[in-house]
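**Student:** Shown below is the structure under consideration.
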Amino acid sequence: MATGSPTSSRRVIGIDVGGTGVKGGIVDLEVGDLVGERFRIPTPQPATPEAVAEVIRQIVAELQSREGAPAPDSPVGVIVPSIVKDGVTLLAANIDPTWVGANIAGLLAEILNRPVAALNDADGAGLAETLYGAGKDIDGTVLVMTLGTGIGSALIVDGKLVPNAELGHLELHGHDAETRASATARERDDLSFKKWASKRLQPYFEHVEMLFTPSLFIIGGGVSKKADKFLPLLELNTPIKVAQLRNNAGIVGAALWAEGDAVSTTGEA
């Protein structure tokens, strides 16, 4: 964990909304790491936008009270498990259905009385990994792929995020790709790592490689801890690395998105 520069002007609060917990931290974007410990509150049930917004208010209040916090009118970045366009969530994955069509950036900006930028969770983690982790200083197209319950993806071109690239839902051999190639699919079908790599991951990554010709694949998700069991078995033209930032990637990516002010300075759609 970084201590950061005491005079750094690039400190931003990032929030990561998950299915079981909402986590936040103060991020020093000079180094891409947290200043102090992150703060977590369990995700409320039901996890409506209003209930989650109240939890985020509590987390931001805690972080803002700490020594080394950013200016109280500085932007806050939030990543959520949904496609996000202009601050509005368009899908609800592992979260309450009332998120569909919710202007989460506008709601939070009103509650927090400060600018808010919202982003898809895989995009946020992927952006952080590209700028500070395994993809640092890599030119061209970088694809960050998380193998878990589904397949999350982030598409970054020359350090700039192309939001909402849902590559886990590519159709491959008549199937939604993540239903066959995710880590959950491996467990469901009781596949060895060798068979999963050769029969499921190889054709999937070949297909993605053909479509995007990336400079680098970065593999994340819980199964990446066992990368030595399957990555060496893949035969691709594109180099593959394992994600480095782990559990803090989402918070760092949320802060990055807020600093870039990619949606607006008000959080309004």
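The chains in the structure tokens are called A, B, ... from first to last as shown; in each chain the residues are counted from 1, and the ligands are counted from 1 in the order shown.
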So that I can check the surroundings of stretch 35-50 of chain A, please list as a list in words every protein, DNA and RNA residue that reaches within 8 Å of it, counting only C-alpha atoms and ignoring chain neighbours fewer than 5 positions away.
**Tutor:**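 With the cut-off at 8 Å, the set is Met1, Ala2, Thr3, Gly4, Val17, Gly18, Gly19, Thr20, Gly21, Val22, Lys23, Gly24, Gly25, Ile26, Val27, Asp28, Val55, Ile59, Glu62, Leu63, Gly68, Ile95, Asp96, Pro97, Thr98, Trp99, Ala102, Ile104 and Leu107 of chain A.
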**Student:** Sorted by chain and rising residue number, which residues of stretch 42-100 of chain A lie within 9 Å of stretch 150-166 of chain A, and what are their closest atom pairs and distances in Å to one decimal, counting only C-alpha atoms, as a tab-separated table?
**Tutor:**
residue	atom	partner	partner_atom	distance
A:Ser82	CA	A:Asn164	CA	8.9
A:Ile83	CA	A:Asn164	CA	5.9
A:Val84	CA	A:Asn164	CA	7.3
A:Lys85	CA	A:Asn164	CA	8.4
**Student:** Any chance you could export the current selection's all heavy atoms as a short mmCIF file (atom, residue, chain, number, x, y, z; two decimals), in the first residue's frame?
**Tutor:**
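Generated output (out09.cif):
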data_model
loop_
_atom_site.label_atom_id
_atom_site.label_comp_id
_atom_site.auth_asym_id
_atom_site.auth_seq_id
_atom_site.Cartn_x
_atom_site.Cartn_y
_atom_site.Cartn_z
N SER A 82 -22.83 -3.23 -13.89
CA SER A 82 -23.83 -2.91 -14.91
C SER A 82 -23.16 -2.20 -16.07
O SER A 82 -22.11 -1.56 -15.88
CB SER A 82 -24.92 -2.01 -14.34
OG SER A 82 -25.83 -1.58 -15.34
N ILE A 83 -23.74 -2.29 -17.24
CA ILE A 83 -23.37 -1.38 -18.32
C ILE A 83 -23.78 0.02 -17.90
O ILE A 83 -24.88 0.23 -17.38
CB ILE A 83 -24.07 -1.78 -19.64
CG1 ILE A 83 -23.49 -3.10 -20.16
CG2 ILE A 83 -23.94 -0.68 -20.68
CD1 ILE A 83 -24.21 -3.63 -21.39
N VAL A 84 -22.89 0.99 -18.08
CA VAL A 84 -23.17 2.37 -17.68
C VAL A 84 -22.97 3.28 -18.89
O VAL A 84 -21.91 3.26 -19.52
CB VAL A 84 -22.25 2.83 -16.54
CG1 VAL A 84 -22.62 4.25 -16.11
CG2 VAL A 84 -22.34 1.88 -15.35
N LYS A 85 -23.97 4.07 -19.18
CA LYS A 85 -23.87 5.05 -20.28
C LYS A 85 -24.37 6.39 -19.77
O LYS A 85 -25.51 6.49 -19.30
CB LYS A 85 -24.69 4.59 -21.49
CG LYS A 85 -24.54 5.53 -22.69
CD LYS A 85 -25.29 5.01 -23.91
CE LYS A 85 -25.08 5.95 -25.11
NZ LYS A 85 -25.82 5.46 -26.31
#
**Student:** Rank A:Asn120, A:Gln202, A:Ser215, A:Ser192 by their smallest atom-to-atom distance to A:Ile79, using only C-alpha atoms, and report the top residue only.
**Tutor:**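 Looking only at the distances to A:Ile79, the closest residue turns out to be A:Asn120.
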**Student:** If we count only C-alpha atoms and set the cut-off at 10 Å, which residues sit around A:Asn113, ignoring sequence neighbours fewer than 6 positions away in its own chain? Please answer as a compact mmCIF listing (two decimals) with C-alpha atoms, in the first residue's frame.
**Tutor:**
# COMPACT_ATOMS: atom_id res chain seq x y z
CA PRO A 72 -14.39 17.91 -0.13
CA ASP A 73 -15.67 19.11 -3.51
CA SER A 74 -13.45 16.73 -5.51
CA PRO A 75 -15.08 14.11 -7.76
CA LEU A 107 -28.44 10.32 -7.68
CA THR A 266 -21.91 17.22 -12.42
**Student:** Have a look at A:Ala71, A:Leu119, A:Ala61, A:Leu234 and name the one nearest to A:Thr89; count only C-alpha atoms.
**Tutor:**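 Closest candidate: A:Leu119.
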**Student:** Out of stretch 1-214 of chain A, which residues get strand (DSSP E or B) from DSSP, as a VMD selection string?
**Tutor:** chain A and resid 11 to 17 21 to 28 33 to 42 76 to 80 84 to 85 88 to 89 102 to 103 116 to 120 141 to 147 151 to 157 160 to 162 171 to 172 175 to 176
**Student:** At what distance in Å, to one decimal, does atom CA of A:Tyr132 lie from atom CA of A:Gly32?
**Tutor:**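 One can read the atom CA of A:Gly32 to atom CA of A:Tyr132 distance as 6.0 Å.
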**Student:** Which of these, A:Val78, A:Leu172, A:Ala181, A:Ile138, has the shortest distance to A:Asp121 once you count only C-alpha atoms?
**Tutor:**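 Going through A:Val78, A:Leu172, A:Ala181, A:Ile138 one by one, the smallest distance to A:Asp121 is for A:Val78.
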**Student:** So, with only C-alpha atoms as the atoms that count, which of A:Ser198, A:Gln244, A:Thr146, A:Thr141 lies closest to A:Lys229?
**Tutor:**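 Result for the nearest residue to A:Lys229: A:Ser198.
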**Student:** Using only C-alpha atoms for the distances, tell me which of A:Gly14, A:Gly101, A:Gly148, A:Gly135 is nearest to A:Ala243.
**Tutor:**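 When distances to A:Ala243 are compared using only C-alpha atoms, the smallest one comes from A:Gly135.
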**Student:** Report the distance between atom CA of A:Leu167 and atom CA of A:Met145 in Å, rounded to one decimal place.
**Tutor:** 8.6 Å
**Student:** Excluding stretch 221-227 of chain A and any residue of its chain fewer than 3 positions from it, enumerate the residues within 12 Å of it, using only C-alpha atoms, and give them as a PyMOL selection string.
**Tutor:** chain A and resi 122+125-126+144-153+182-187+193-194+197+218+230-234+240-247+249-250
**Student:** Using only C-alpha atoms for the distances, tell me which of A:Ile219, A:Leu236, A:Leu131, A:Val52 is nearest to A:Leu29.
**Tutor:**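 Using only C-alpha atoms, A:Leu29 sits closest to A:Leu131.
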**Student:** Pull the alpha helix (DSSP H) assignments for stretch 215-252 of chain A out of DSSP run on the backbone, and list those residues as an MDAnalysis selection string.
**Tutor:** chainID A and resid 249:252
**Student:** Hey, can you spit out that residue selection with all heavy atoms as a PDB file, in the first residue's frame?
**Tutor:**
ATOM      1  N   ALA A 249      -8.077  -3.139  -7.550  1.00  0.00           N
ATOM      2  CA  ALA A 249      -8.142  -2.639  -8.929  1.00  0.00           C
ATOM      3  C   ALA A 249      -9.405  -1.826  -9.187  1.00  0.00           C
ATOM      4  O   ALA A 249      -9.364  -0.784  -9.845  1.00  0.00           O
ATOM      5  CB  ALA A 249      -8.047  -3.799  -9.915  1.00  0.00           C
ATOM      6  N   GLY A 250     -10.537  -2.289  -8.658  1.00  0.00           N
ATOM      7  CA  GLY A 250     -11.785  -1.581  -8.905  1.00  0.00           C
ATOM      8  C   GLY A 250     -11.818  -0.196  -8.287  1.00  0.00           C
ATOM      9  O   GLY A 250     -12.280   0.769  -8.912  1.00  0.00           O
ATOM     10  N   ILE A 251     -11.332  -0.080  -7.056  1.00  0.00           N
ATOM     11  CA  ILE A 251     -11.308   1.221  -6.380  1.00  0.00           C
ATOM     12  C   ILE A 251     -10.390   2.183  -7.121  1.00  0.00           C
ATOM     13  O   ILE A 251     -10.726   3.353  -7.344  1.00  0.00           O
ATOM     14  CB  ILE A 251     -10.858   1.049  -4.917  1.00  0.00           C
ATOM     15  CG1 ILE A 251     -11.900   0.249  -4.136  1.00  0.00           C
ATOM     16  CG2 ILE A 251     -10.627   2.407  -4.257  1.00  0.00           C
ATOM     17  CD1 ILE A 251     -11.473  -0.120  -2.721  1.00  0.00           C
ATOM     18  N   VAL A 252      -9.217   1.685  -7.526  1.00  0.00           N
ATOM     19  CA  VAL A 252      -8.266   2.533  -8.258  1.00  0.00           C
ATOM     20  C   VAL A 252      -8.854   2.956  -9.602  1.00  0.00           C
ATOM     21  O   VAL A 252      -8.755   4.123 -10.004  1.00  0.00           O
ATOM     22  CB  VAL A 252      -6.929   1.798  -8.457  1.00  0.00           C
ATOM     23  CG1 VAL A 252      -5.992   2.606  -9.344  1.00  0.00           C
ATOM     24  CG2 VAL A 252      -6.270   1.515  -7.112  1.00  0.00           C
TER      25      VAL A 252
END
**Student:** Atom CA of A:Glu110 to atom CA of A:Ala51: how many Å, to one decimal?
**Tutor:**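 Pair atom CA of A:Glu110 / atom CA of A:Ala51 returns 14.3 Å.
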